[in-house]
>>> print(open('work-v2.txt').read())   # compact mmCIF, N, CA, C and O atoms and all ligand atoms
# COMPACT_ATOMS: atom_id res chain seq x y z
N MET T 180 0.85 -1.20 0.00
CA MET T 180 0.00 0.00 0.00
C MET T 180 0.88 1.25 0.00
O MET T 180 1.85 1.34 0.72
N ARG T 181 0.49 2.14 -0.85
CA ARG T 181 1.24 3.38 -1.00
C ARG T 181 1.09 4.26 0.25
O ARG T 181 -0.01 4.42 0.77
N GLU T 182 2.19 4.78 0.70
CA GLU T 182 2.12 5.61 1.90
C GLU T 182 1.75 7.04 1.54
O GLU T 182 2.28 7.59 0.58
N HIS T 183 0.83 7.56 2.30
CA HIS T 183 0.41 8.94 2.04
C HIS T 183 1.36 9.91 2.70
O HIS T 183 2.00 9.58 3.70
N ARG T 184 1.43 11.08 2.14
CA ARG T 184 2.23 12.13 2.74
C ARG T 184 1.38 13.38 2.90
O ARG T 184 0.41 13.58 2.15
N LEU T 185 1.74 14.18 3.86
CA LEU T 185 1.00 15.42 4.07
C LEU T 185 0.98 16.25 2.78
O LEU T 185 2.00 16.38 2.11
N GLY T 186 -0.18 16.74 2.47
CA GLY T 186 -0.30 17.57 1.27
C GLY T 186 -0.67 16.77 0.04
O GLY T 186 -0.99 17.36 -1.00
N ASP T 187 -0.64 15.44 0.13
CA ASP T 187 -1.07 14.63 -1.00
C ASP T 187 -2.53 14.91 -1.32
O ASP T 187 -3.34 15.14 -0.42
N VAL T 188 -2.83 14.85 -2.57
CA VAL T 188 -4.22 15.07 -2.99
C VAL T 188 -4.89 13.72 -3.19
O VAL T 188 -4.42 12.88 -3.94
N ILE T 189 -5.97 13.50 -2.45
CA ILE T 189 -6.71 12.24 -2.58
C ILE T 189 -8.18 12.57 -2.75
O ILE T 189 -8.62 13.68 -2.46
N ASP T 190 -8.91 11.59 -3.22
CA ASP T 190 -10.37 11.76 -3.35
C ASP T 190 -11.03 11.46 -2.03
O ASP T 190 -10.66 10.52 -1.33
N ASP T 191 -12.01 12.27 -1.69
CA ASP T 191 -12.84 11.95 -0.53
C ASP T 191 -14.17 12.66 -0.68
O ASP T 191 -14.31 13.57 -1.50
N HIS T 192 -15.12 12.21 0.11
CA HIS T 192 -16.44 12.82 0.03
C HIS T 192 -16.49 14.04 0.92
O HIS T 192 -16.17 13.96 2.11
N CYS T 193 -16.86 15.17 0.37
CA CYS T 193 -16.99 16.41 1.14
C CYS T 193 -18.46 16.62 1.47
O CYS T 193 -19.31 16.57 0.59
N ILE T 194 -18.74 16.83 2.76
CA ILE T 194 -20.14 17.05 3.14
C ILE T 194 -20.65 18.36 2.58
O ILE T 194 -21.79 18.45 2.17
N LYS T 195 -19.79 19.36 2.61
CA LYS T 195 -20.22 20.69 2.17
C LYS T 195 -20.50 20.70 0.67
O LYS T 195 -21.48 21.26 0.22
N CYS T 196 -19.60 20.07 -0.07
CA CYS T 196 -19.79 20.00 -1.52
C CYS T 196 -20.80 18.91 -1.89
O CYS T 196 -21.34 18.89 -2.97
N ARG T 197 -21.03 17.99 -0.97
CA ARG T 197 -21.96 16.87 -1.17
C ARG T 197 -21.55 16.01 -2.35
O ARG T 197 -22.40 15.56 -3.13
N ARG T 198 -20.26 15.83 -2.51
CA ARG T 198 -19.78 14.95 -3.58
C ARG T 198 -18.33 14.64 -3.32
O ARG T 198 -17.71 15.21 -2.43
N VAL T 199 -17.80 13.74 -4.13
CA VAL T 199 -16.38 13.40 -4.00
C VAL T 199 -15.57 14.48 -4.68
O VAL T 199 -15.80 14.80 -5.85
N THR T 200 -14.65 15.06 -3.94
CA THR T 200 -13.81 16.13 -4.48
C THR T 200 -12.35 15.82 -4.15
O THR T 200 -12.06 14.89 -3.39
N ASN T 201 -11.47 16.61 -4.69
CA ASN T 201 -10.06 16.50 -4.34
C ASN T 201 -9.85 17.02 -2.93
O ASN T 201 -10.39 18.06 -2.56
N HIS T 202 -9.07 16.29 -2.17
CA HIS T 202 -8.76 16.71 -0.80
C HIS T 202 -7.25 16.65 -0.58
O HIS T 202 -6.59 15.74 -1.09
N SER T 203 -6.74 17.59 0.18
CA SER T 203 -5.34 17.54 0.60
C SER T 203 -5.28 16.90 1.97
O SER T 203 -6.12 17.17 2.83
N ILE T 204 -4.30 16.05 2.16
CA ILE T 204 -4.13 15.42 3.47
C ILE T 204 -3.50 16.44 4.42
O ILE T 204 -2.45 17.01 4.12
N VAL T 205 -4.16 16.68 5.53
CA VAL T 205 -3.60 17.63 6.50
C VAL T 205 -3.14 16.91 7.76
O VAL T 205 -2.47 17.48 8.60
N SER T 206 -3.54 15.63 7.90
CA SER T 206 -3.13 14.87 9.08
C SER T 206 -3.05 13.40 8.73
O SER T 206 -3.91 12.89 8.01
N ILE T 207 -2.01 12.75 9.22
CA ILE T 207 -1.82 11.33 8.90
C ILE T 207 -1.72 10.54 10.19
O ILE T 207 -1.08 10.96 11.16
N LEU T 208 -2.40 9.39 10.21
CA LEU T 208 -2.37 8.52 11.38
C LEU T 208 -2.10 7.10 10.91
O LEU T 208 -2.85 6.56 10.10
N ASN T 209 -1.01 6.52 11.40
CA ASN T 209 -0.62 5.15 11.02
C ASN T 209 -0.51 5.00 9.51
O ASN T 209 -0.95 4.01 8.93
N GLY T 210 0.05 6.00 8.87
CA GLY T 210 0.25 5.93 7.43
C GLY T 210 -1.01 6.12 6.62
O GLY T 210 -0.99 6.03 5.40
N GLU T 211 -2.13 6.38 7.31
CA GLU T 211 -3.39 6.61 6.62
C GLU T 211 -3.82 8.04 6.82
O GLU T 211 -3.56 8.62 7.88
N ALA T 212 -4.48 8.59 5.83
CA ALA T 212 -5.00 9.94 5.97
C ALA T 212 -6.01 9.97 7.10
O ALA T 212 -6.93 9.15 7.14
N ALA T 213 -5.79 10.88 8.04
CA ALA T 213 -6.73 11.00 9.15
C ALA T 213 -7.64 12.20 8.95
O ALA T 213 -8.85 12.09 9.11
N LYS T 214 -7.03 13.30 8.58
CA LYS T 214 -7.83 14.49 8.30
C LYS T 214 -7.48 15.00 6.91
O LYS T 214 -6.33 14.94 6.49
N VAL T 215 -8.48 15.49 6.23
CA VAL T 215 -8.27 16.01 4.89
C VAL T 215 -8.96 17.36 4.76
O VAL T 215 -9.86 17.69 5.55
N ARG T 216 -8.50 18.10 3.76
CA ARG T 216 -9.13 19.40 3.50
C ARG T 216 -9.60 19.43 2.06
O ARG T 216 -8.84 19.14 1.13
N CYS T 217 -10.89 19.75 1.93
CA CYS T 217 -11.48 19.84 0.60
C CYS T 217 -10.78 20.93 -0.20
O CYS T 217 -10.64 22.04 0.28
N ARG T 218 -10.36 20.59 -1.43
CA ARG T 218 -9.67 21.57 -2.27
C ARG T 218 -10.66 22.52 -2.91
O ARG T 218 -10.26 23.49 -3.54
N THR T 219 -11.92 22.23 -2.81
CA THR T 219 -12.92 23.10 -3.43
C THR T 219 -13.43 24.14 -2.45
O THR T 219 -13.51 25.32 -2.77
N CYS T 220 -13.76 23.71 -1.23
CA CYS T 220 -14.34 24.66 -0.27
C CYS T 220 -13.45 24.82 0.96
O CYS T 220 -13.79 25.58 1.87
N TYR T 221 -12.33 24.14 0.99
CA TYR T 221 -11.35 24.25 2.09
C TYR T 221 -11.94 23.86 3.44
O TYR T 221 -11.58 24.39 4.48
N HIS T 222 -12.86 22.91 3.40
CA HIS T 222 -13.45 22.43 4.65
C HIS T 222 -12.62 21.26 5.16
O HIS T 222 -12.38 20.30 4.43
N ASP T 223 -12.19 21.36 6.41
CA ASP T 223 -11.43 20.27 7.04
C ASP T 223 -12.38 19.26 7.65
O ASP T 223 -13.36 19.62 8.29
N HIS T 224 -12.06 17.99 7.47
CA HIS T 224 -12.88 16.96 8.12
C HIS T 224 -12.10 15.66 8.14
O HIS T 224 -11.07 15.53 7.47
N ASP T 225 -12.59 14.70 8.91
CA ASP T 225 -11.95 13.38 8.97
C ASP T 225 -12.03 12.72 7.60
O ASP T 225 -13.02 12.87 6.88
N TYR T 226 -11.01 11.95 7.30
CA TYR T 226 -11.02 11.20 6.04
C TYR T 226 -12.11 10.15 6.09
O TYR T 226 -12.20 9.36 7.04
N ARG T 227 -12.94 10.14 5.08
CA ARG T 227 -14.11 9.24 5.09
C ARG T 227 -13.94 8.06 4.16
O ARG T 227 -14.91 7.32 3.93
N HIS T 228 -12.80 7.89 3.57
CA HIS T 228 -12.60 6.78 2.62
C HIS T 228 -13.62 6.85 1.50
O HIS T 228 -14.16 5.84 1.07
N GLU T 229 -13.90 8.07 1.07
CA GLU T 229 -14.79 8.33 -0.06
C GLU T 229 -16.22 7.88 0.19
O GLU T 229 -17.00 7.73 -0.75
N GLN T 230 -16.56 7.62 1.44
CA GLN T 230 -17.92 7.19 1.75
C GLN T 230 -18.76 8.39 2.16
O GLN T 230 -18.36 9.14 3.04
N ALA T 231 -19.88 8.53 1.51
CA ALA T 231 -20.78 9.61 1.89
C ALA T 231 -21.48 9.24 3.18
O ALA T 231 -22.00 8.13 3.30
N PRO T 232 -21.49 10.13 4.15
CA PRO T 232 -22.21 9.82 5.37
C PRO T 232 -23.70 9.79 5.09
O PRO T 232 -24.18 10.55 4.24
N PRO T 233 -24.46 8.92 5.74
CA PRO T 233 -25.90 8.89 5.50
C PRO T 233 -26.53 10.20 5.95
O PRO T 233 -26.35 10.62 7.09
N SER T 234 -27.21 10.82 5.05
CA SER T 234 -27.84 12.09 5.38
C SER T 234 -29.11 11.85 6.18
O SER T 234 -29.64 10.74 6.24
N LYS T 235 -29.62 12.91 6.78
CA LYS T 235 -30.86 12.77 7.55
C LYS T 235 -31.99 12.33 6.65
O LYS T 235 -32.88 11.58 7.04
N LYS T 236 -31.93 12.81 5.41
CA LYS T 236 -32.96 12.45 4.46
C LYS T 236 -32.93 10.95 4.19
O LYS T 236 -33.97 10.28 4.16
N ASP T 237 -31.72 10.42 3.99
CA ASP T 237 -31.58 8.98 3.74
C ASP T 237 -32.07 8.17 4.93
O ASP T 237 -32.75 7.16 4.77
N LEU T 238 -31.70 8.62 6.13
CA LEU T 238 -32.11 7.89 7.32
C LEU T 238 -33.63 7.86 7.42
O LEU T 238 -34.24 6.85 7.75
N LYS T 239 -34.24 8.99 7.11
CA LYS T 239 -35.70 9.06 7.17
C LYS T 239 -36.32 8.15 6.12
O LYS T 239 -37.30 7.46 6.36
N LYS T 240 -35.70 8.15 4.94
CA LYS T 240 -36.18 7.29 3.87
C LYS T 240 -36.13 5.82 4.30
O LYS T 240 -37.08 5.07 4.10
N GLN T 241 -35.00 5.43 4.90
CA GLN T 241 -34.85 4.05 5.36
C GLN T 241 -35.93 3.70 6.38
O GLN T 241 -36.51 2.63 6.35
N GLU T 242 -36.17 4.66 7.29
CA GLU T 242 -37.17 4.42 8.32
C GLU T 242 -38.53 4.20 7.68
O GLU T 242 -39.26 3.27 8.01
N LEU T 243 -38.86 5.09 6.75
CA LEU T 243 -40.15 4.98 6.07
C LEU T 243 -40.26 3.66 5.33
O LEU T 243 -41.29 3.00 5.35
N PHE T 244 -39.15 3.28 4.68
CA PHE T 244 -39.15 2.04 3.91
C PHE T 244 -39.42 0.86 4.82
O PHE T 244 -40.23 -0.01 4.51
N LYS T 245 -38.74 0.85 5.98
CA LYS T 245 -38.94 -0.25 6.92
C LYS T 245 -40.38 -0.28 7.41
O LYS T 245 -40.98 -1.33 7.57
N GLU T 246 -40.91 0.93 7.66
CA GLU T 246 -42.28 1.04 8.14
C GLU T 246 -43.24 0.45 7.11
O GLU T 246 -44.12 -0.34 7.42
N VAL T 247 -43.03 0.85 5.86
CA VAL T 247 -43.90 0.37 4.78
C VAL T 247 -43.78 -1.15 4.66
O VAL T 247 -44.78 -1.84 4.54
N LEU T 248 -42.55 -1.65 4.74
CA LEU T 248 -42.34 -3.09 4.64
C LEU T 248 -43.08 -3.83 5.75
O LEU T 248 -43.75 -4.83 5.51
N SER T 249 -42.96 -3.32 6.97
CA SER T 249 -43.55 -4.01 8.11
C SER T 249 -45.07 -3.99 8.04
O SER T 249 -45.73 -4.86 8.57
N THR T 250 -45.64 -2.99 7.38
CA THR T 250 -47.09 -2.93 7.29
C THR T 250 -47.62 -3.68 6.08
O THR T 250 -48.70 -4.23 6.11
N VAL T 251 -46.81 -3.72 5.02
CA VAL T 251 -47.28 -4.34 3.78
C VAL T 251 -47.06 -5.85 3.80
O VAL T 251 -47.93 -6.61 3.41
N ALA T 252 -45.90 -6.28 4.28
CA ALA T 252 -45.54 -7.69 4.20
C ALA T 252 -46.58 -8.63 4.81
O ALA T 252 -46.95 -9.60 4.16
N PRO T 253 -47.06 -8.40 6.04
CA PRO T 253 -48.03 -9.34 6.63
C PRO T 253 -49.31 -9.41 5.81
O PRO T 253 -49.89 -10.47 5.65
N ALA T 254 -49.73 -8.29 5.25
CA ALA T 254 -50.97 -8.27 4.48
C ALA T 254 -50.83 -9.13 3.23
O ALA T 254 -51.75 -9.84 2.86
N VAL T 255 -49.67 -9.08 2.62
CA VAL T 255 -49.44 -9.86 1.41
C VAL T 255 -49.50 -11.35 1.73
O VAL T 255 -50.07 -12.14 1.00
N ILE T 256 -48.91 -11.73 2.86
CA ILE T 256 -48.90 -13.14 3.25
C ILE T 256 -50.30 -13.61 3.62
O ILE T 256 -50.70 -14.72 3.32
N ALA T 257 -51.06 -12.75 4.29
CA ALA T 257 -52.38 -13.13 4.77
C ALA T 257 -53.39 -13.23 3.63
O ALA T 257 -54.39 -13.91 3.76
N ASP T 258 -53.14 -12.54 2.55
CA ASP T 258 -54.12 -12.50 1.47
C ASP T 258 -53.48 -12.89 0.14
O ASP T 258 -53.23 -12.06 -0.69
N PRO T 259 -53.22 -14.20 -0.01
CA PRO T 259 -52.60 -14.63 -1.27
C PRO T 259 -53.62 -14.58 -2.40
O PRO T 259 -54.82 -14.68 -2.15
N PRO T 260 -53.16 -14.44 -3.60
CA PRO T 260 -54.09 -14.43 -4.74
C PRO T 260 -54.77 -15.78 -4.90
O PRO T 260 -54.16 -16.82 -4.74
N ALA T 261 -56.06 -15.76 -5.18
CA ALA T 261 -56.83 -17.01 -5.32
C ALA T 261 -56.57 -17.61 -6.69
O ALA T 261 -57.06 -17.13 -7.70
N ILE T 262 -55.78 -18.70 -6.67
CA ILE T 262 -55.49 -19.36 -7.95
C ILE T 262 -56.20 -20.70 -8.05
O ILE T 262 -56.19 -21.35 -9.07
N ASP T 263 -56.84 -21.15 -6.93
CA ASP T 263 -57.52 -22.45 -6.92
C ASP T 263 -58.85 -22.38 -7.65
O ASP T 263 -59.38 -23.38 -8.08
N ASP T 264 -59.40 -21.20 -7.73
CA ASP T 264 -60.74 -21.05 -8.27
C ASP T 264 -60.75 -20.07 -9.44
O ASP T 264 -61.23 -18.95 -9.32
N PRO T 265 -60.23 -20.52 -10.54
CA PRO T 265 -60.22 -19.59 -11.68
C PRO T 265 -61.62 -19.43 -12.25
O PRO T 265 -62.44 -20.33 -12.16
N PRO T 266 -61.90 -18.30 -12.83
CA PRO T 266 -63.24 -18.10 -13.42
C PRO T 266 -63.45 -19.01 -14.62
O PRO T 266 -62.54 -19.23 -15.41
N ALA T 267 -64.65 -19.56 -14.71
CA ALA T 267 -64.96 -20.46 -15.81
C ALA T 267 -65.27 -19.65 -17.05
O ALA T 267 -66.34 -19.06 -17.15
N ILE T 268 -64.33 -19.61 -17.92
CA ILE T 268 -64.55 -18.79 -19.12
C ILE T 268 -65.00 -19.63 -20.31
O ILE T 268 -65.42 -19.10 -21.31
N ASP T 269 -64.94 -20.97 -20.12
CA ASP T 269 -65.34 -21.82 -21.23
C ASP T 269 -66.86 -22.00 -21.31
O ASP T 269 -67.41 -22.30 -22.35
N ASP T 270 -67.52 -21.86 -20.13
CA ASP T 270 -68.96 -22.03 -20.12
C ASP T 270 -69.64 -20.87 -20.86
O ASP T 270 -69.19 -19.74 -20.77
N PRO T 271 -70.70 -21.16 -21.55
CA PRO T 271 -71.45 -20.07 -22.19
C PRO T 271 -72.13 -19.23 -21.13
O PRO T 271 -72.49 -19.74 -20.07
N PRO T 272 -72.30 -17.98 -21.36
CA PRO T 272 -72.95 -17.11 -20.37
C PRO T 272 -74.36 -17.57 -20.11
O PRO T 272 -75.10 -17.91 -21.03
N ALA T 273 -74.70 -17.60 -18.81
CA ALA T 273 -76.03 -18.08 -18.43
C ALA T 273 -77.09 -17.03 -18.77
O ALA T 273 -76.84 -15.85 -18.74
N GLY T 274 -78.29 -17.49 -19.01
CA GLY T 274 -79.40 -16.57 -19.21
C GLY T 274 -79.54 -16.11 -20.65
O GLY T 274 -80.32 -15.23 -20.92
N VAL T 275 -78.76 -16.71 -21.52
CA VAL T 275 -78.92 -16.34 -22.93
C VAL T 275 -79.52 -17.54 -23.66
O VAL T 275 -78.85 -18.52 -23.91
N PRO T 276 -80.78 -17.48 -23.90
CA PRO T 276 -81.45 -18.61 -24.58
C PRO T 276 -80.99 -18.72 -26.02
O PRO T 276 -80.73 -17.72 -26.68
N GLU T 277 -80.94 -19.98 -26.44
CA GLU T 277 -80.53 -20.19 -27.83
C GLU T 277 -81.71 -19.92 -28.75
O GLU T 277 -82.76 -20.55 -28.64
N LYS T 278 -81.51 -18.98 -29.57
CA LYS T 278 -82.60 -18.65 -30.48
C LYS T 278 -82.22 -19.05 -31.91
O LYS T 278 -81.14 -18.73 -32.38
N LYS T 279 -83.16 -19.75 -32.50
CA LYS T 279 -82.91 -20.08 -33.89
C LYS T 279 -83.89 -19.32 -34.75
O LYS T 279 -85.12 -19.44 -34.57
N LYS T 280 -83.36 -18.50 -35.54
CA LYS T 280 -84.25 -17.72 -36.37
C LYS T 280 -84.81 -18.59 -37.50
O LYS T 280 -84.06 -19.17 -38.29
N ALA T 281 -86.10 -18.70 -37.43
CA ALA T 281 -86.73 -19.54 -38.44
C ALA T 281 -87.00 -18.70 -39.68
O ALA T 281 -87.92 -17.90 -39.72
N ARG T 282 -86.15 -18.85 -40.58
CA ARG T 282 -86.33 -18.09 -41.81
C ARG T 282 -87.05 -19.01 -42.83
O ARG T 282 -86.54 -20.04 -43.23
N SER T 283 -88.17 -18.58 -43.15
CA SER T 283 -88.91 -19.35 -44.16
C SER T 283 -88.62 -18.77 -45.53
O SER T 283 -88.99 -17.63 -45.83
N LYS T 284 -88.00 -19.56 -46.26
CA LYS T 284 -87.68 -19.09 -47.60
C LYS T 284 -88.77 -19.54 -48.55
O LYS T 284 -89.04 -20.74 -48.68
N LYS T 285 -89.40 -18.58 -49.15
CA LYS T 285 -90.45 -18.92 -50.10
C LYS T 285 -89.92 -18.79 -51.50
O LYS T 285 -89.49 -17.74 -51.91
N ALA T 286 -89.95 -19.87 -52.18
CA ALA T 286 -89.44 -19.83 -53.52
C ALA T 286 -90.53 -19.43 -54.53
O ALA T 286 -91.66 -19.81 -54.37
ZN ZN R 301 -15.93 20.76 -0.16
>>> encode(input="work-v2.txt", output="structure tokens")
Amino acid sequence: MREHRLGDVIDDHCIKCRRVTNHSIVSILNGEAAKVRCRTCYHDHDYRHEQAPPSKKDLKKQELFKEVLSTVAPAVIADPPAIDDPPAIDDPPAGVPEKKKARSKKA
């Protein structure tokens, strides 16, 4: 693994820019970047290994998703589609009498 040096430019996720930007290493711990500074907005923060922190919006989305799952899943299991009793489509419709038109052809 390549050893980082102070001032090296590496990619990391910047919260302020909300994307991966170039960062300068400002602090190194055990040969790994510990603190970095965004080259775009000069915001200092811990090195995140290019991982975006889960935003509050994402957390809320996850919560909602779990909520929806927990409410929908049991209903789906309790009410399976009825496949044992398919509609009889081969039978002729009831209540329609067979009428034969008696056409008398007079020659
Ligand atoms: Zn930034």
>>> residues_near_ligand(input="work-v2.txt", ligand="ligand ZN 301 (chain R)", cutoff="6 Å", atoms="only N, CA, C and O atoms and all ligand atoms", output="number ranges by chain")
T: 193-197, 217-222
>>> closest_residue(input="work-v2.txt", among="T:Leu243, T:Val199, T:Arg184, T:Thr250", to="Ala212 (chain T)", atoms="all atoms listed in the file")
T:Arg184
>>> atom_distance(input="work-v2.txt", atom1="CA of Ile189 (chain T)", atom2="atom N of Ser234 (chain T)")
21.9 Å
>>> atom_distance(input="work-v2.txt", atom1="atom N of Gly186 (chain T)", atom2="atom C of Glu229 (chain T)")
18.5 Å
>>> atom_distance(input="work-v2.txt", atom1="atom C of Glu211 (chain T)", atom2="atom N of Tyr226 (chain T)")
8.2 Å
>>> closest_residue(input="work-v2.txt", among="T:Asp269, T:Asp191, T:Glu246, T:Asp263", to="Ala231 (chain T)", atoms="all atoms listed in the file")
T:Asp191
>>> residues_around(input="work-v2.txt", residues="Leu185 (chain T)", least_positions_apart="4", cutoff="7 Å", atoms="all atoms listed in the file", output="PDB file with N, CA, C and O atoms, keeping the file's coordinate frame")
ATOM      1  N   SER T 203      -6.740  17.590   0.180  1.00  0.00           N
ATOM      2  CA  SER T 203      -5.340  17.540   0.600  1.00  0.00           C
ATOM      3  C   SER T 203      -5.280  16.900   1.970  1.00  0.00           C
ATOM      4  O   SER T 203      -6.120  17.170   2.830  1.00  0.00           O
ATOM      5  N   ILE T 204      -4.300  16.050   2.160  1.00  0.00           N
ATOM      6  CA  ILE T 204      -4.130  15.420   3.470  1.00  0.00           C
ATOM      7  C   ILE T 204      -3.500  16.440   4.420  1.00  0.00           C
ATOM      8  O   ILE T 204      -2.450  17.010   4.120  1.00  0.00           O
ATOM      9  N   VAL T 205      -4.160  16.680   5.530  1.00  0.00           N
ATOM     10  CA  VAL T 205      -3.600  17.630   6.500  1.00  0.00           C
ATOM     11  C   VAL T 205      -3.140  16.910   7.760  1.00  0.00           C
ATOM     12  O   VAL T 205      -2.470  17.480   8.600  1.00  0.00           O
ATOM     13  N   SER T 206      -3.540  15.630   7.900  1.00  0.00           N
ATOM     14  CA  SER T 206      -3.130  14.870   9.080  1.00  0.00           C
ATOM     15  C   SER T 206      -3.050  13.400   8.730  1.00  0.00           C
ATOM     16  O   SER T 206      -3.910  12.890   8.010  1.00  0.00           O
ATOM     17  N   ILE T 207      -2.010  12.750   9.220  1.00  0.00           N
ATOM     18  CA  ILE T 207      -1.820  11.330   8.900  1.00  0.00           C
ATOM     19  C   ILE T 207      -1.720  10.540  10.190  1.00  0.00           C
ATOM     20  O   ILE T 207      -1.080  10.960  11.160  1.00  0.00           O
TER      21      ILE T 207
END
>>> closest_residue(input="work-v2.txt", among="T:Ser249, T:Gln241, T:Gln230, T:Asn209", to="Asp190 (chain T)", atoms="only C-alpha atoms")
T:Gln230
>>> decode(input="work-v2.txt", residues="region 232-253 of chain T", atoms="C-alpha atoms", output="compact mmCIF listing (two decimals), in the first residue's frame")
# COMPACT_ATOMS: atom_id res chain seq x y z
CA PRO T 232 -22.21 9.82 5.37
CA PRO T 233 -25.90 8.89 5.50
CA SER T 234 -27.84 12.09 5.38
CA LYS T 235 -30.86 12.77 7.55
CA LYS T 236 -32.96 12.45 4.46
CA ASP T 237 -31.58 8.98 3.74
CA LEU T 238 -32.11 7.89 7.32
CA LYS T 239 -35.70 9.06 7.17
CA LYS T 240 -36.18 7.29 3.87
CA GLN T 241 -34.85 4.05 5.36
CA GLU T 242 -37.17 4.42 8.32
CA LEU T 243 -40.15 4.98 6.07
CA PHE T 244 -39.15 2.04 3.91
CA LYS T 245 -38.94 -0.25 6.92
CA GLU T 246 -42.28 1.04 8.14
CA VAL T 247 -43.90 0.37 4.78
CA LEU T 248 -42.34 -3.09 4.64
CA SER T 249 -43.55 -4.01 8.11
CA THR T 250 -47.09 -2.93 7.29
CA VAL T 251 -47.28 -4.34 3.78
CA ALA T 252 -45.54 -7.69 4.20
CA PRO T 253 -48.03 -9.34 6.63
